[in-house]
Amino acid sequence: MSFEPDWATPPGASIARLLSAKELPAEELAEELGLDDAGFDLLIAGERRITADIAATLSEYLGSTAEFWLRRDEIYYAEIDRLSVAHSSNLDEWTKCLPTRQMSQFGWIRKNLRSNNLADELLKFFGCESISEWKAIYTSGLDAVSFRTSSSFHADDLATLAWKRAGEIQASQIDLCEFSRSDFNRLLPELKRLGFIRDPKELVANLRARLAQVGVALTTARAPAGCRASGATWRLEQGNPIIHLSFRHLSDDHFWFTLYHEAAHIALNHGEHVGYDTKCAANLGSGFITNK
């Protein structure tokens, strides 16, 4: 199998390199080509085709034959077409691997979109312009998250990343104070006093407000199929910690355990870590749960 690069270099790169090597002013070549500054910039960027007249001038001014410059242009645009097809194929495959049906049901993305519009909607959800940008940002994203998982479920990386992104979007809408670990640690035993609130929405709203005062974002999102995380904690872009919960098991005990388990990772300043439903994990959070 031959190597096929995932990039294409425009003829303008060769033009710029030869201008530099020959110490020739770009303005002079632009004038010879009959192009204004904007037109010359488009030529260098590969956004203007090389015509027979342009090829003849390049040959005379920079060297090589006119046929070379025409062929250079032809090869470049053929590569652009190939990459466009490859990009569409990668985008389709990526789209099919995401839990799009549940993402639309949860209100994370719009419903009933065609494939090309769906891909654009998913990129928008992740805050990316292209699949390449998404890969650069998110392929290592799982390593930056400390997950509490239920080992009886099968993990799906893309579903988990989508769930994590839902938390990031929620967190961006929370007015957070500067994070203080000491204030956070003092607050933890007091949070359990809110257990008398029976309405889940009211409880989460109160917890979120209290945690925001010490610089911690509390977010919640249902876990799509394939995401086995009960909770996660990581640092947001601005440096504030986030606790993200999935309500995977609808019980008070599980909610409080998961909340305090994730809080313990922040309180103890743990780095990257994966936690499981084990006795050790329970002990990690239990020291912060006190009823007063």
# chains A, B, ... in the order shown; residues from 1 in each chain; ligands from 1
>>> residues_around(residues="Pro10 of chain A", least_positions_apart="6", cutoff="7 Å", atoms="only C-alpha atoms", output="PDB file with C-alpha atoms, in the first residue's frame")
ATOM      1  CA  ALA A  45      -2.467  30.291  -1.066  1.00  0.00           C
ATOM      2  CA  GLY A  46      -3.542  27.885  -3.814  1.00  0.00           C
ATOM      3  CA  TYR A  76      -2.401  20.079  -6.310  1.00  0.00           C
TER       4      TYR A  76
END
>>> closest_atom_pairs(of="segment 36-106 of chain A", to="segment 166-184 of chain A", cutoff="12 Å", atoms="only C-alpha atoms", output="tab-separated table")
residue	atom	partner	partner_atom	distance
A:Met103	CA	A:Ala166	CA	9.4
A:Ser104	CA	A:Ala166	CA	11.9
A:Phe106	CA	A:Ala166	CA	9.8
>>> closest_residue(among="A:Ser130, A:Trp108, A:Leu58, A:Pro189", to="Asn90 of chain A", atoms="only C-alpha atoms")
A:Ser130
>>> select_by_dssp(residues="segment 168-209 of chain A", states="helix (DSSP H, G or I)", output="PyMOL selection string")
chain A and resi 168-171+181-196+200-209
>>> write_last_selection(atoms="C-alpha atoms", output="compact mmCIF listing (two decimals), in the first residue's frame")
# COMPACT_ATOMS: atom_id res chain seq x y z
CA GLU A 168 -18.25 21.49 29.45
CA ILE A 169 -21.07 23.32 27.69
CA GLN A 170 -23.10 23.47 30.90
CA ALA A 171 -20.09 24.67 32.87
CA ARG A 181 -9.16 24.35 47.56
CA SER A 182 -9.23 25.29 51.24
CA ASP A 183 -12.72 26.81 50.95
CA PHE A 184 -13.82 23.81 48.91
CA ASN A 185 -12.60 21.38 51.56
CA ARG A 186 -14.39 23.32 54.30
CA LEU A 187 -17.59 23.30 52.27
CA LEU A 188 -17.72 19.55 51.62
CA PRO A 189 -19.08 18.40 55.02
CA GLU A 190 -21.78 21.07 54.82
CA LEU A 191 -23.14 19.92 51.47
CA LYS A 192 -24.73 16.80 52.96
CA ARG A 193 -27.00 19.06 55.01
CA LEU A 194 -28.83 19.78 51.75
CA GLY A 195 -29.96 16.15 51.70
CA PHE A 196 -33.34 17.18 53.11
CA PRO A 200 -33.67 16.54 42.45
CA LYS A 201 -33.65 19.73 40.36
CA GLU A 202 -33.81 21.93 43.44
CA LEU A 203 -31.10 19.88 45.14
CA VAL A 204 -28.71 20.13 42.18
CA ALA A 205 -29.41 23.86 41.82
CA ASN A 206 -28.50 24.43 45.47
CA LEU A 207 -25.39 22.28 45.27
CA ARG A 208 -24.33 24.02 42.06
CA ALA A 209 -24.71 27.46 43.62
>>> atom_distance(atom1="atom CA of Arg114 of chain A", atom2="atom CA of Ser246 of chain A")
28.5 Å
>>> select_by_dssp(residues="segment 176-271 of chain A", states="strand (DSSP E or B)", output="ChimeraX atom specification")
/A:217-220,229-235,241-245
>>> residues_around(residues="Ala16 of chain A", least_positions_apart="3", cutoff="12 Å", atoms="only C-alpha atoms", output="PyMOL selection string")
chain A and resi 9-13+19-27+29-30+40-41+43-46+58+62
>>> closest_residue(among="A:Leu122, A:Cys128, A:Arg248, A:Ala55", to="Asp92 of chain A", atoms="only C-alpha atoms")
A:Leu122
>>> closest_residue(among="A:Leu91, A:Leu33, A:Pro224, A:Thr258", to="Glu60 of chain A", atoms="only C-alpha atoms")
A:Leu33
>>> atom_distance(atom1="atom CA of Gly39 of chain A", atom2="atom CA of Tyr61 of chain A")
17.7 Å
